file protein_27.pdb (PDB, C-alpha atoms)
MODEL        1
ATOM      1  CA  MET A   1     -22.439  10.740  -0.177
ATOM      2  CA  SER A   2     -23.456  13.334   2.391
ATOM      3  CA  GLY A   3     -21.871  16.275   4.151
ATOM      4  CA  ALA A   4     -19.160  16.803   1.526
ATOM      5  CA  ILE A   5     -17.351  20.092   2.186
ATOM      6  CA  PRO A   6     -14.640  21.387  -0.178
ATOM      7  CA  VAL A   7     -11.675  22.554   1.895
ATOM      8  CA  GLN A   8      -8.312  24.219   1.437
ATOM      9  CA  PHE A   9      -5.513  24.507   3.963
ATOM     10  CA  PRO A  10      -1.836  25.463   3.792
ATOM     11  CA  ASN A  11       1.042  23.082   4.252
ATOM     12  CA  ARG A  12       4.212  24.142   6.063
ATOM     13  CA  ASP A  13       5.653  25.557   2.835
ATOM     14  CA  GLY A  14       2.670  27.838   2.286
ATOM     15  CA  LEU A  15       1.179  25.799  -0.559
ATOM     16  CA  GLN A  16      -2.588  25.438  -0.547
ATOM     17  CA  LEU A  17      -3.744  21.824  -0.394
ATOM     18  CA  SER A  18      -7.240  21.025  -1.682
ATOM     19  CA  GLY A  19      -9.552  18.306  -0.495
ATOM     20  CA  ILE A  20     -12.998  17.212   0.608
ATOM     21  CA  LEU A  21     -14.073  16.780   4.219
ATOM     22  CA  HIS A  22     -16.983  14.355   4.646
ATOM     23  CA  LEU A  23     -19.059  14.489   7.815
ATOM     24  CA  PRO A  24     -21.543  11.714   8.702
ATOM     25  CA  LYS A  25     -25.207  12.680   9.011
ATOM     26  CA  THR A  26     -25.655  10.455  12.034
ATOM     27  CA  THR A  27     -25.532  12.019  15.487
ATOM     28  CA  ALA A  28     -23.252   9.204  16.636
ATOM     29  CA  VAL A  29     -20.143  10.652  14.981
ATOM     30  CA  ARG A  30     -17.003   8.862  16.066
ATOM     31  CA  PRO A  31     -14.188  10.893  17.647
ATOM     32  CA  VAL A  32     -11.691   9.398  15.191
ATOM     33  CA  ALA A  33     -11.309  10.654  11.611
ATOM     34  CA  ILE A  34     -10.139   8.562   8.675
ATOM     35  CA  MET A  35      -7.599  10.170   6.368
ATOM     36  CA  LEU A  36      -7.665   8.730   2.841
ATOM     37  CA  LEU A  37      -4.180   9.517   1.572
ATOM     38  CA  SER A  38      -3.534   9.921  -2.152
ATOM     39  CA  PRO A  39      -2.090   6.817  -3.847
ATOM     40  CA  GLY A  40       1.105   7.589  -5.725
ATOM     41  CA  VAL A  41       0.472  10.315  -8.281
ATOM     42  CA  LYS A  42      -3.276   9.706  -8.342
ATOM     43  CA  MET A  43      -5.469  12.399  -6.874
ATOM     44  CA  ARG A  44      -7.875  12.133  -3.965
ATOM     45  CA  VAL A  45     -10.505  10.228  -5.983
ATOM     46  CA  GLY A  46      -8.268   7.198  -6.509
ATOM     47  CA  PRO A  47      -8.416   4.725  -9.407
ATOM     48  CA  HIS A  48     -11.984   3.926 -10.572
ATOM     49  CA  ARG A  49     -13.288   6.303  -7.835
ATOM     50  CA  LEU A  50     -12.004   3.895  -5.195
ATOM     51  CA  TYR A  51     -11.736   6.529  -2.468
ATOM     52  CA  ASN A  52     -15.282   7.773  -3.062
ATOM     53  CA  LYS A  53     -16.588   4.244  -2.520
ATOM     54  CA  MET A  54     -14.484   3.781   0.609
ATOM     55  CA  THR A  55     -15.733   7.121   1.918
ATOM     56  CA  GLU A  56     -19.369   6.086   1.508
ATOM     57  CA  ARG A  57     -18.824   2.954   3.593
ATOM     58  CA  PHE A  58     -16.823   4.760   6.302
ATOM     59  CA  LEU A  59     -19.460   7.486   6.629
ATOM     60  CA  CYS A  60     -22.106   4.845   7.270
ATOM     61  CA  LEU A  61     -20.015   3.710  10.238
ATOM     62  CA  GLY A  62     -19.933   7.232  11.671
ATOM     63  CA  PHE A  63     -16.344   8.158  10.788
ATOM     64  CA  PRO A  64     -15.520  11.623   9.424
ATOM     65  CA  VAL A  65     -13.337  11.276   6.333
ATOM     66  CA  LEU A  66     -10.773  13.665   4.883
ATOM     67  CA  ARG A  67      -9.337  13.020   1.447
ATOM     68  CA  PHE A  68      -7.024  15.590  -0.093
ATOM     69  CA  ASP A  69      -4.388  16.091  -2.764
ATOM     70  CA  TYR A  70      -0.747  16.279  -1.771
ATOM     71  CA  TYR A  71       1.282  19.198  -3.095
ATOM     72  CA  GLY A  72       1.921  19.003  -6.817
ATOM     73  CA  LEU A  73      -1.043  16.659  -7.350
ATOM     74  CA  GLY A  74      -4.663  17.190  -8.369
ATOM     75  CA  ASP A  75      -6.050  20.564  -7.321
ATOM     76  CA  SER A  76      -3.307  21.385  -4.816
ATOM     77  CA  GLU A  77      -0.581  23.936  -5.448
ATOM     78  CA  GLY A  78       3.028  23.081  -6.182
ATOM     79  CA  ASP A  79       4.972  21.088  -8.738
ATOM     80  CA  LEU A  80       6.836  17.785  -8.791
ATOM     81  CA  PRO A  81      10.243  18.347 -10.419
ATOM     82  CA  GLU A  82      10.926  14.729 -11.403
ATOM     83  CA  SER A  83      10.580  13.787 -15.064
ATOM     84  CA  VAL A  84      10.601  10.007 -14.492
ATOM     85  CA  LEU A  85       7.625   8.471 -12.703
ATOM     86  CA  VAL A  86       9.638   5.809 -10.891
ATOM     87  CA  GLU A  87      11.641   8.563  -9.183
ATOM     88  CA  VAL A  88       8.423  10.082  -7.848
ATOM     89  CA  TYR A  89       7.313   6.708  -6.498
ATOM     90  CA  ASN A  90      10.605   6.153  -4.711
ATOM     91  CA  THR A  91      10.523   9.571  -3.041
ATOM     92  CA  ILE A  92       7.027   8.746  -1.796
ATOM     93  CA  GLN A  93       8.439   5.535  -0.320
ATOM     94  CA  THR A  94      10.913   7.567   1.699
ATOM     95  CA  GLY A  95       8.304   9.954   3.094
ATOM     96  CA  ARG A  96       7.892  12.729   0.558
ATOM     97  CA  PHE A  97       4.292  13.395   1.596
ATOM     98  CA  VAL A  98       4.615  12.770   5.333
ATOM     99  CA  PRO A  99       4.817  16.530   6.105
ATOM    100  CA  ASP A 100       1.597  17.182   4.156
ATOM    101  CA  THR A 101      -0.097  14.361   6.088
ATOM    102  CA  ILE A 102       0.920  15.896   9.411
ATOM    103  CA  ASP A 103      -0.113  19.377   8.245
ATOM    104  CA  ALA A 104      -3.556  18.014   7.353
ATOM    105  CA  MET A 105      -3.919  16.622  10.873
ATOM    106  CA  ASP A 106      -2.837  19.964  12.336
ATOM    107  CA  TRP A 107      -5.544  21.689  10.301
ATOM    108  CA  MET A 108      -8.200  19.141  11.320
ATOM    109  CA  GLN A 109      -7.302  19.559  14.991
ATOM    110  CA  ARG A 110      -7.186  23.347  14.760
ATOM    111  CA  GLU A 111     -10.378  23.821  12.750
ATOM    112  CA  HIS A 112     -12.491  20.810  13.744
ATOM    113  CA  GLY A 113     -11.137  19.683  17.105
ATOM    114  CA  VAL A 114     -10.161  16.205  15.854
ATOM    115  CA  SER A 115      -6.952  14.825  17.346
ATOM    116  CA  ARG A 116      -7.264  11.090  16.638
ATOM    117  CA  PHE A 117      -6.796   9.657  13.174
ATOM    118  CA  ILE A 118      -6.750   6.453  11.159
ATOM    119  CA  ALA A 119      -4.478   6.532   8.119
ATOM    120  CA  SER A 120      -5.792   4.705   5.092
ATOM    121  CA  GLY A 121      -4.958   4.506   1.446
ATOM    122  CA  LEU A 122      -3.773   2.511  -1.526
ATOM    123  CA  CYS A 123      -0.095   1.952  -2.302
ATOM    124  CA  GLY A 124       1.692   5.307  -1.867
ATOM    125  CA  GLY A 125      -1.076   6.484   0.439
ATOM    126  CA  ALA A 126      -0.558   3.441   2.651
ATOM    127  CA  ILE A 127       3.209   3.906   2.997
ATOM    128  CA  SER A 128       2.780   7.653   3.573
ATOM    129  CA  GLY A 129       0.377   6.847   6.406
ATOM    130  CA  LEU A 130       2.724   4.306   7.964
ATOM    131  CA  LEU A 131       5.729   6.639   7.870
ATOM    132  CA  ALA A 132       3.656   9.543   9.211
ATOM    133  CA  ALA A 133       2.379   7.371  12.082
ATOM    134  CA  GLU A 134       5.951   6.726  13.169
ATOM    135  CA  ARG A 135       6.469  10.475  13.563
ATOM    136  CA  ASP A 136       3.042  11.567  14.823
ATOM    137  CA  HIS A 137       1.186   9.557  17.447
ATOM    138  CA  ARG A 138      -2.160  11.116  16.554
ATOM    139  CA  LEU A 139      -2.245   8.498  13.793
ATOM    140  CA  GLU A 140      -3.324   5.584  15.937
ATOM    141  CA  ALA A 141      -4.216   2.946  13.313
ATOM    142  CA  LEU A 142      -3.481   2.007   9.707
ATOM    143  CA  LEU A 143      -5.811   0.530   7.084
ATOM    144  CA  ALA A 144      -3.504  -0.195   4.168
ATOM    145  CA  LEU A 145      -4.319  -1.437   0.665
ATOM    146  CA  GLY A 146      -1.417  -2.914  -1.285
ATOM    147  CA  ILE A 147       1.266  -1.287   0.838
ATOM    148  CA  PRO A 148       4.675  -1.266  -0.897
ATOM    149  CA  VAL A 149       7.733  -2.383   1.055
ATOM    150  CA  SER A 150      10.474  -1.891  -1.527
ATOM    151  CA  PHE A 151      11.705   0.584  -4.077
ATOM    152  CA  GLU A 152      10.592   0.546  -7.677
ATOM    153  CA  GLY A 153      13.109  -0.707 -10.222
ATOM    154  CA  SER A 154      13.640   0.866 -13.620
ATOM    155  CA  GLU A 155      11.578  -0.531 -16.493
ATOM    156  CA  GLN A 156      14.694  -2.055 -18.105
ATOM    157  CA  HIS A 157      15.695  -3.922 -14.946
ATOM    158  CA  TRP A 158      12.333  -4.608 -13.313
ATOM    159  CA  GLY A 159      13.050  -8.353 -13.186
ATOM    160  CA  ARG A 160      16.148  -7.955 -11.051
ATOM    161  CA  TYR A 161      14.227  -7.716  -7.773
ATOM    162  CA  ILE A 162      11.376 -10.063  -8.589
ATOM    163  CA  THR A 163      10.383 -12.492  -5.820
ATOM    164  CA  ARG A 164       9.952 -16.248  -6.056
ATOM    165  CA  GLY A 165       6.196 -15.924  -5.594
ATOM    166  CA  GLN A 166       6.013 -13.481  -8.482
ATOM    167  CA  LEU A 167       8.077 -15.826 -10.652
ATOM    168  CA  LYS A 168       5.617 -18.649 -10.003
ATOM    169  CA  GLU A 169       2.694 -16.403 -10.900
ATOM    170  CA  LEU A 170       4.429 -15.297 -14.086
ATOM    171  CA  SER A 171       5.121 -18.890 -15.090
ATOM    172  CA  HIS A 172       1.379 -19.660 -14.982
ATOM    173  CA  GLY A 173       0.783 -16.784 -17.369
ATOM    174  CA  TYR A 174       3.538 -17.867 -19.724
ATOM    175  CA  VAL A 175       2.126 -21.409 -19.896
ATOM    176  CA  ARG A 176      -1.397 -20.106 -20.589
ATOM    177  CA  ARG A 177      -0.118 -17.977 -23.480
ATOM    178  CA  LEU A 178       1.714 -20.799 -25.274
ATOM    179  CA  SER A 179      -1.228 -21.148 -27.670
ATOM    180  CA  GLU A 180      -1.275 -17.433 -28.536
ATOM    181  CA  PRO A 181       0.512 -16.533 -31.817
ATOM    182  CA  GLY A 182       1.155 -13.017 -30.549
ATOM    183  CA  ALA A 183       3.083 -14.347 -27.574
ATOM    184  CA  TRP A 184       5.350 -16.425 -29.832
ATOM    185  CA  LEU A 185       5.876 -13.441 -32.127
ATOM    186  CA  ARG A 186       6.950 -11.333 -29.164
ATOM    187  CA  PHE A 187       9.256 -14.126 -27.994
ATOM    188  CA  LEU A 188      10.871 -14.729 -31.401
ATOM    189  CA  THR A 189      11.391 -11.027 -32.144
ATOM    190  CA  PHE A 190      13.391 -10.447 -28.943
ATOM    191  CA  GLN A 191      10.669  -8.403 -27.227
ATOM    192  CA  SER A 192      10.492 -10.707 -24.200
ATOM    193  CA  ASP A 193      12.661 -10.662 -21.087
ATOM    194  CA  TYR A 194      14.293 -14.064 -21.532
ATOM    195  CA  ARG A 195      15.989 -13.987 -18.157
ATOM    196  CA  VAL A 196      12.689 -13.576 -16.345
ATOM    197  CA  ILE A 197      11.057 -16.284 -18.472
ATOM    198  CA  TRP A 198      13.889 -18.695 -17.699
ATOM    199  CA  ARG A 199      13.839 -17.925 -13.970
ATOM    200  CA  SER A 200      10.058 -18.283 -13.783
ATOM    201  CA  MET A 201      10.071 -21.646 -15.550
ATOM    202  CA  ARG A 202      12.921 -22.888 -13.390
ATOM    203  CA  GLU A 203      10.969 -21.830 -10.314
ATOM    204  CA  ARG A 204       7.861 -23.610 -11.627
ATOM    205  CA  TYR A 205       9.445 -26.951 -12.428
ATOM    206  CA  THR A 206      12.341 -27.219  -9.974
ATOM    207  CA  THR A 207      11.623 -29.083  -6.751
ATOM    208  CA  PRO A 208      13.508 -27.652  -3.748
ATOM    209  CA  THR A 209      16.302 -29.959  -2.634
ATOM    210  CA  LYS A 210      15.886 -31.377   0.861
ATOM    211  CA  THR A 211      18.972 -31.307   3.046
ATOM    212  CA  THR A 212      19.604 -32.871   6.410
ATOM    213  CA  THR A 213      21.862 -30.090   7.628
ATOM    214  CA  ALA A 214      20.491 -26.588   7.891
ATOM    215  CA  ALA A 215      22.530 -23.904   6.210
ATOM    216  CA  PRO A 216      23.971 -21.172   8.428
ATOM    217  CA  ALA A 217      21.601 -18.273   8.907
ATOM    218  CA  THR A 218      24.139 -15.865   7.465
ATOM    219  CA  ALA A 219      24.805 -17.871   4.323
ATOM    220  CA  ALA A 220      23.480 -16.350   1.104
ATOM    221  CA  THR A 221      21.762 -18.531  -1.463
ATOM    222  CA  ASN A 222      22.791 -18.163  -5.073
ATOM    223  CA  ASP A 223      19.221 -17.934  -6.366
ATOM    224  CA  ALA A 224      17.938 -15.508  -3.738
ATOM    225  CA  PRO A 225      16.855 -12.281  -5.443
ATOM    226  CA  PRO A 226      18.707  -9.125  -4.423
ATOM    227  CA  SER A 227      16.739  -7.012  -1.978
ATOM    228  CA  ASN A 228      15.435  -3.557  -2.746
ATOM    229  CA  LEU A 229      13.615  -3.348   0.589
ATOM    230  CA  ASN A 230      12.831   0.171   1.746
ATOM    231  CA  PRO A 231      15.001   0.651   4.874
ATOM    232  CA  GLN A 232      12.349   2.907   6.412
ATOM    233  CA  PHE A 233       9.607   0.290   6.235
ATOM    234  CA  ALA A 234      10.627  -2.071   9.048
ATOM    235  CA  PRO A 235      11.339   0.648  11.674
ATOM    236  CA  ALA A 236       7.975   2.291  10.984
ATOM    237  CA  PHE A 237       6.120  -1.023  11.013
ATOM    238  CA  PHE A 238       7.653  -2.164  14.289
ATOM    239  CA  SER A 239       7.058   1.275  15.795
ATOM    240  CA  MET A 240       3.334   0.738  15.233
ATOM    241  CA  LEU A 241       3.476  -2.735  16.762
ATOM    242  CA  GLU A 242       5.483  -1.653  19.795
ATOM    243  CA  ARG A 243       2.969   1.111  20.526
ATOM    244  CA  SER A 244       0.037  -1.302  20.098
ATOM    245  CA  ARG A 245      -1.305   0.608  17.094
ATOM    246  CA  PRO A 246      -3.554  -1.776  15.129
ATOM    247  CA  MET A 247      -3.023  -2.345  11.421
ATOM    248  CA  LEU A 248      -5.091  -3.994   8.703
ATOM    249  CA  LEU A 249      -3.142  -4.939   5.578
ATOM    250  CA  LEU A 250      -5.138  -5.906   2.498
ATOM    251  CA  PHE A 251      -3.527  -7.242  -0.670
ATOM    252  CA  GLY A 252      -4.818  -8.460  -3.986
ATOM    253  CA  GLY A 253      -3.878 -12.051  -4.760
ATOM    254  CA  ALA A 254      -2.423 -10.932  -8.096
ATOM    255  CA  ASP A 255      -0.675  -7.893  -6.586
ATOM    256  CA  ARG A 256       3.113  -8.141  -6.551
ATOM    257  CA  TRP A 257       3.207  -6.167  -3.317
ATOM    258  CA  MET A 258       1.739  -9.179  -1.526
ATOM    259  CA  TRP A 259       4.773 -11.263  -2.532
ATOM    260  CA  GLU A 260       7.120  -8.394  -1.696
ATOM    261  CA  PHE A 261       5.658  -8.040   1.793
ATOM    262  CA  GLU A 262       5.745 -11.753   2.551
ATOM    263  CA  GLU A 263       9.137 -12.598   1.070
ATOM    264  CA  LYS A 264      11.146  -9.453   1.708
ATOM    265  CA  PHE A 265       9.729  -8.349   5.060
ATOM    266  CA  GLU A 266       7.482 -10.841   6.824
ATOM    267  CA  SER A 267       9.511 -14.007   6.291
ATOM    268  CA  PRO A 268      12.961 -12.557   7.131
ATOM    269  CA  ASN A 269      11.492 -10.915  10.259
ATOM    270  CA  ALA A 270       9.387 -13.897  11.377
ATOM    271  CA  THR A 271      11.121 -14.253  14.757
ATOM    272  CA  ARG A 272      10.864 -10.576  15.594
ATOM    273  CA  LEU A 273       7.253 -10.418  14.431
ATOM    274  CA  ALA A 274       6.128 -13.460  16.423
ATOM    275  CA  PRO A 275       5.301 -11.605  19.680
ATOM    276  CA  TYR A 276       3.224  -9.060  17.712
ATOM    277  CA  ARG A 277       1.069 -11.366  15.592
ATOM    278  CA  ALA A 278      -2.081  -9.995  17.185
ATOM    279  CA  GLY A 279      -0.975  -6.446  16.370
ATOM    280  CA  TYR A 280      -1.763  -6.610  12.687
ATOM    281  CA  GLU A 281      -4.153  -8.446  10.422
ATOM    282  CA  LYS A 282      -3.336  -9.382   6.852
ATOM    283  CA  HIS A 283      -5.829 -10.567   4.252
ATOM    284  CA  THR A 284      -5.408 -11.514   0.616
ATOM    285  CA  ILE A 285      -8.303 -10.962  -1.775
ATOM    286  CA  ASP A 286      -8.131 -13.911  -4.148
ATOM    287  CA  SER A 287      -7.137 -13.058  -7.749
ATOM    288  CA  ALA A 288      -7.565  -9.304  -7.146
ATOM    289  CA  ASN A 289      -5.272  -6.829  -8.863
ATOM    290  CA  HIS A 290      -3.517  -3.911  -7.203
ATOM    291  CA  ILE A 291      -6.341  -1.411  -7.631
ATOM    292  CA  LEU A 292      -9.227  -3.822  -6.868
ATOM    293  CA  SER A 293     -10.939  -2.883 -10.107
ATOM    294  CA  ASP A 294     -13.553  -5.674 -10.066
ATOM    295  CA  GLU A 295     -16.757  -5.062  -8.120
ATOM    296  CA  GLN A 296     -16.401  -8.359  -6.257
ATOM    297  CA  TRP A 297     -12.871  -7.495  -5.108
ATOM    298  CA  LEU A 298     -13.990  -4.022  -4.058
ATOM    299  CA  THR A 299     -16.897  -5.388  -2.027
ATOM    300  CA  GLU A 300     -14.677  -7.888  -0.241
ATOM    301  CA  MET A 301     -12.199  -5.136   0.622
ATOM    302  CA  LEU A 302     -14.963  -2.905   1.986
ATOM    303  CA  ASP A 303     -16.451  -5.746   4.030
ATOM    304  CA  LEU A 304     -13.071  -6.645   5.540
ATOM    305  CA  SER A 305     -12.403  -2.991   6.310
ATOM    306  CA  GLU A 306     -15.792  -2.526   7.955
ATOM    307  CA  ALA A 307     -15.393  -5.636  10.108
ATOM    308  CA  TRP A 308     -11.949  -4.490  11.250
ATOM    309  CA  LEU A 309     -13.135  -0.955  12.010
ATOM    310  CA  ARG A 310     -16.111  -2.224  14.005
ATOM    311  CA  LYS A 311     -13.833  -4.511  16.027
ATOM    312  CA  THR A 312     -11.109  -1.915  16.543
ATOM    313  CA  TYR A 313     -13.496   0.962  17.280
ATOM    314  CA  PRO A 314     -16.644  -0.562  18.772
ATOM    315  CA  ALA A 315     -19.621   1.776  18.860
TER     316      ALA A 315
ENDMDL
END

call {"tool": "encode", "arguments": {"input": "protein_27.pdb", "output": "structure tokens"}}
result
Amino acid sequence: MSGAIPVQFPNRDGLQLSGILHLPKTTAVRPVAIMLLSPGVKMRVGPHRLYNKMTERFLCLGFPVLRFDYYGLGDSEGDLPESVLVEVYNTIQTGRFVPDTIDAMDWMQREHGVSRFIASGLCGGAISGLLAAERDHRLEALLALGIPVSFEGSEQHWGRYITRGQLKELSHGYVRRLSEPGAWLRFLTFQSDYRVIWRSMRERYTTPTKTTTAAPATAATNDAPPSNLNPQFAPAFFSMLERSRPMLLLFGGADRWMWEFEEKFESPNATRLAPYRAGYEKHTIDSANHILSDEQWLTEMLDLSEAWLRKTYPA
């Protein structure tokens, strides 16, 4: 990795944010910078140094890259007052770090003359970029990995909001573990969530009933899971589409956020999304987990990202 410059800059509350600014060695530096936004409570490196690897690929394409820690995270000043992690995640979903994202762009424009940005990041970084783009038009594109569309549930009630796609995936796992003594021990000692097991098996072996008369659009189905959709997601997403801001959405095939996006946002909004199908691309990396921890998954993500960047920002 070349041209790595440690930086510090203040946010609007006077807290010093720490990060690394990477400048390409090539003379053909693009006039658009990529901001790698911290995922959740992870710092600017990301899980298994994910952001470092993304930075290396983006630098080869001529993009400057800024990755920094939000306040209260990593090397930046400040504290997060929450004692429960799920509460932190849900505040991120509603834009907790949007001001820091905008302050970072202000600093980049003031100190380095950059006024065009691509927001990128995993999970919390992706949603922070989307929400910031709705407020600040300098963010002109989004490269999102595993973007969340709904609020986190508590650990005791995580199954309440589970989607049908997730239930099918879980059922495969339950069937595979039937031969494992440990799985039966967990089941027989009341350590399993029996409601989720029952729902997943019912989803696996129940064939949808065909009807000749369509149900009214407003009618609720008894087995439809309750929605915990983030109310800020759809307005921000459609704001990007209406302003012709391109988006690349990448999901792991084993990532629950893929099912959440498809079942809780994309499917219910199919009619409204139809005119904008060319405005965003969505790819699923087969079998990949949320953090793309396998080298093959990582490479596929980087290749898809590079192809999209080359198409969206031709040299």

call {"tool": "atom_distance", "arguments": {"input": "protein_27.pdb", "atom1": "atom CA of Ser83 of chain A", "atom2": "atom CA of Val41 of chain A"}}
result
12.7 Å

call {"tool": "residues_around", "arguments": {"input": "protein_27.pdb", "residues": "Thr284 of chain A", "least_positions_apart": "4", "cutoff": "6 Å", "atoms": "only C-alpha atoms", "output": "PyMOL selection string"}}
result
chain A and resi 250-253

call {"tool": "residues_near_point", "arguments": {"input": "protein_27.pdb", "point": "(-2.4, -7.5, -10.2)", "cutoff": "7 Å", "atoms": "only C-alpha atoms", "output": "ChimeraX atom specification"}}
result
/A:252,254-256,288-290

call {"tool": "closest_residue", "arguments": {"input": "protein_27.pdb", "among": "A:Pro314, A:Gly3, A:Pro148, A:Pro99", "to": "Lys264 of chain A", "atoms": "only C-alpha atoms"}}
result
A:Pro148

call {"tool": "resolve_selection", "arguments": {"input": "protein_27.pdb", "expression": "the PyMOL selection byres ((chain A and resi 132-146) around 8)", "output": "PyMOL selection string"}}
result
chain A and resi 95+98-99+101-102+115-123+126-131+147-148+236+239-240+245-252+255+257-258+290+305

call {"tool": "residues_near_point", "arguments": {"input": "protein_27.pdb", "point": "(-13.8, -2.9, 1.9)", "cutoff": "12 Å", "atoms": "only C-alpha atoms", "output": "short mmCIF file (atom, residue, chain, number, x, y, z; two decimals) with C-alpha atoms, keeping the file's coordinate frame"}}
result
data_model
loop_
_atom_site.label_atom_id
_atom_site.label_comp_id
_atom_site.auth_asym_id
_atom_site.auth_seq_id
_atom_site.Cartn_x
_atom_site.Cartn_y
_atom_site.Cartn_z
CA LEU A 50 -12.00 3.90 -5.20
CA TYR A 51 -11.74 6.53 -2.47
CA ASN A 52 -15.28 7.77 -3.06
CA LYS A 53 -16.59 4.24 -2.52
CA MET A 54 -14.48 3.78 0.61
CA THR A 55 -15.73 7.12 1.92
CA GLU A 56 -19.37 6.09 1.51
CA ARG A 57 -18.82 2.95 3.59
CA PHE A 58 -16.82 4.76 6.30
CA SER A 120 -5.79 4.70 5.09
CA GLY A 121 -4.96 4.51 1.45
CA LEU A 122 -3.77 2.51 -1.53
CA LEU A 143 -5.81 0.53 7.08
CA ALA A 144 -3.50 -0.20 4.17
CA LEU A 145 -4.32 -1.44 0.66
CA LEU A 248 -5.09 -3.99 8.70
CA LEU A 249 -3.14 -4.94 5.58
CA LEU A 250 -5.14 -5.91 2.50
CA PHE A 251 -3.53 -7.24 -0.67
CA HIS A 283 -5.83 -10.57 4.25
CA ILE A 285 -8.30 -10.96 -1.78
CA LEU A 292 -9.23 -3.82 -6.87
CA GLU A 295 -16.76 -5.06 -8.12
CA GLN A 296 -16.40 -8.36 -6.26
CA TRP A 297 -12.87 -7.50 -5.11
CA LEU A 298 -13.99 -4.02 -4.06
CA THR A 299 -16.90 -5.39 -2.03
CA GLU A 300 -14.68 -7.89 -0.24
CA MET A 301 -12.20 -5.14 0.62
CA LEU A 302 -14.96 -2.90 1.99
CA ASP A 303 -16.45 -5.75 4.03
CA LEU A 304 -13.07 -6.64 5.54
CA SER A 305 -12.40 -2.99 6.31
CA GLU A 306 -15.79 -2.53 7.96
CA ALA A 307 -15.39 -5.64 10.11
CA TRP A 308 -11.95 -4.49 11.25
CA LEU A 309 -13.14 -0.96 12.01
#

call {"tool": "atom_distance", "arguments": {"input": "protein_27.pdb", "atom1": "atom CA of Val149 of chain A", "atom2": "atom CA of Gly125 of chain A"}}
result
12.5 Å

call {"tool": "atom_distance", "arguments": {"input": "protein_27.pdb", "atom1": "atom CA of Pro64 of chain A", "atom2": "atom CA of Pro10 of chain A"}}
result
20.3 Å

call {"tool": "build_atoms", "arguments": {"input": "protein_27.pdb", "residues": "segment 100-114 of chain A", "atoms": "N, CA and C atoms", "output": "short mmCIF file (atom, residue, chain, number, x, y, z; two decimals), in the coordinates of the input"}}
result
data_model
loop_
_atom_site.label_atom_id
_atom_site.label_comp_id
_atom_site.auth_asym_id
_atom_site.auth_seq_id
_atom_site.Cartn_x
_atom_site.Cartn_y
_atom_site.Cartn_z
N ASP A 100 2.96 16.78 4.52
CA ASP A 100 1.60 17.18 4.16
C ASP A 100 0.56 16.43 4.99
N THR A 101 0.83 15.15 5.27
CA THR A 101 -0.10 14.36 6.09
C THR A 101 -0.20 14.94 7.49
N ILE A 102 0.91 15.31 8.07
CA ILE A 102 0.92 15.90 9.41
C ILE A 102 0.27 17.27 9.39
N ASP A 103 0.51 18.05 8.35
CA ASP A 103 -0.11 19.38 8.24
C ASP A 103 -1.63 19.26 8.13
N ALA A 104 -2.11 18.22 7.45
CA ALA A 104 -3.56 18.01 7.35
C ALA A 104 -4.15 17.70 8.72
N MET A 105 -3.44 16.91 9.52
CA MET A 105 -3.92 16.62 10.87
C MET A 105 -3.91 17.88 11.73
N ASP A 106 -2.88 18.70 11.59
CA ASP A 106 -2.84 19.96 12.34
C ASP A 106 -4.05 20.82 12.00
N TRP A 107 -4.39 20.89 10.72
CA TRP A 107 -5.54 21.69 10.30
C TRP A 107 -6.84 21.10 10.85
N MET A 108 -6.99 19.79 10.79
CA MET A 108 -8.20 19.14 11.32
C MET A 108 -8.34 19.39 12.83
N GLN A 109 -7.24 19.33 13.55
CA GLN A 109 -7.30 19.56 14.99
C GLN A 109 -7.61 21.02 15.29
N ARG A 110 -7.00 21.91 14.53
CA ARG A 110 -7.19 23.35 14.76
C ARG A 110 -8.59 23.80 14.38
N GLU A 111 -9.10 23.32 13.26
CA GLU A 111 -10.38 23.82 12.75
C GLU A 111 -11.58 22.98 13.17
N HIS A 112 -11.36 21.69 13.46
CA HIS A 112 -12.49 20.81 13.74
C HIS A 112 -12.35 20.04 15.05
N GLY A 113 -11.29 20.30 15.79
CA GLY A 113 -11.14 19.68 17.10
C GLY A 113 -10.89 18.19 17.08
N VAL A 114 -10.44 17.64 15.96
CA VAL A 114 -10.16 16.20 15.85
C VAL A 114 -8.68 15.97 16.10
#
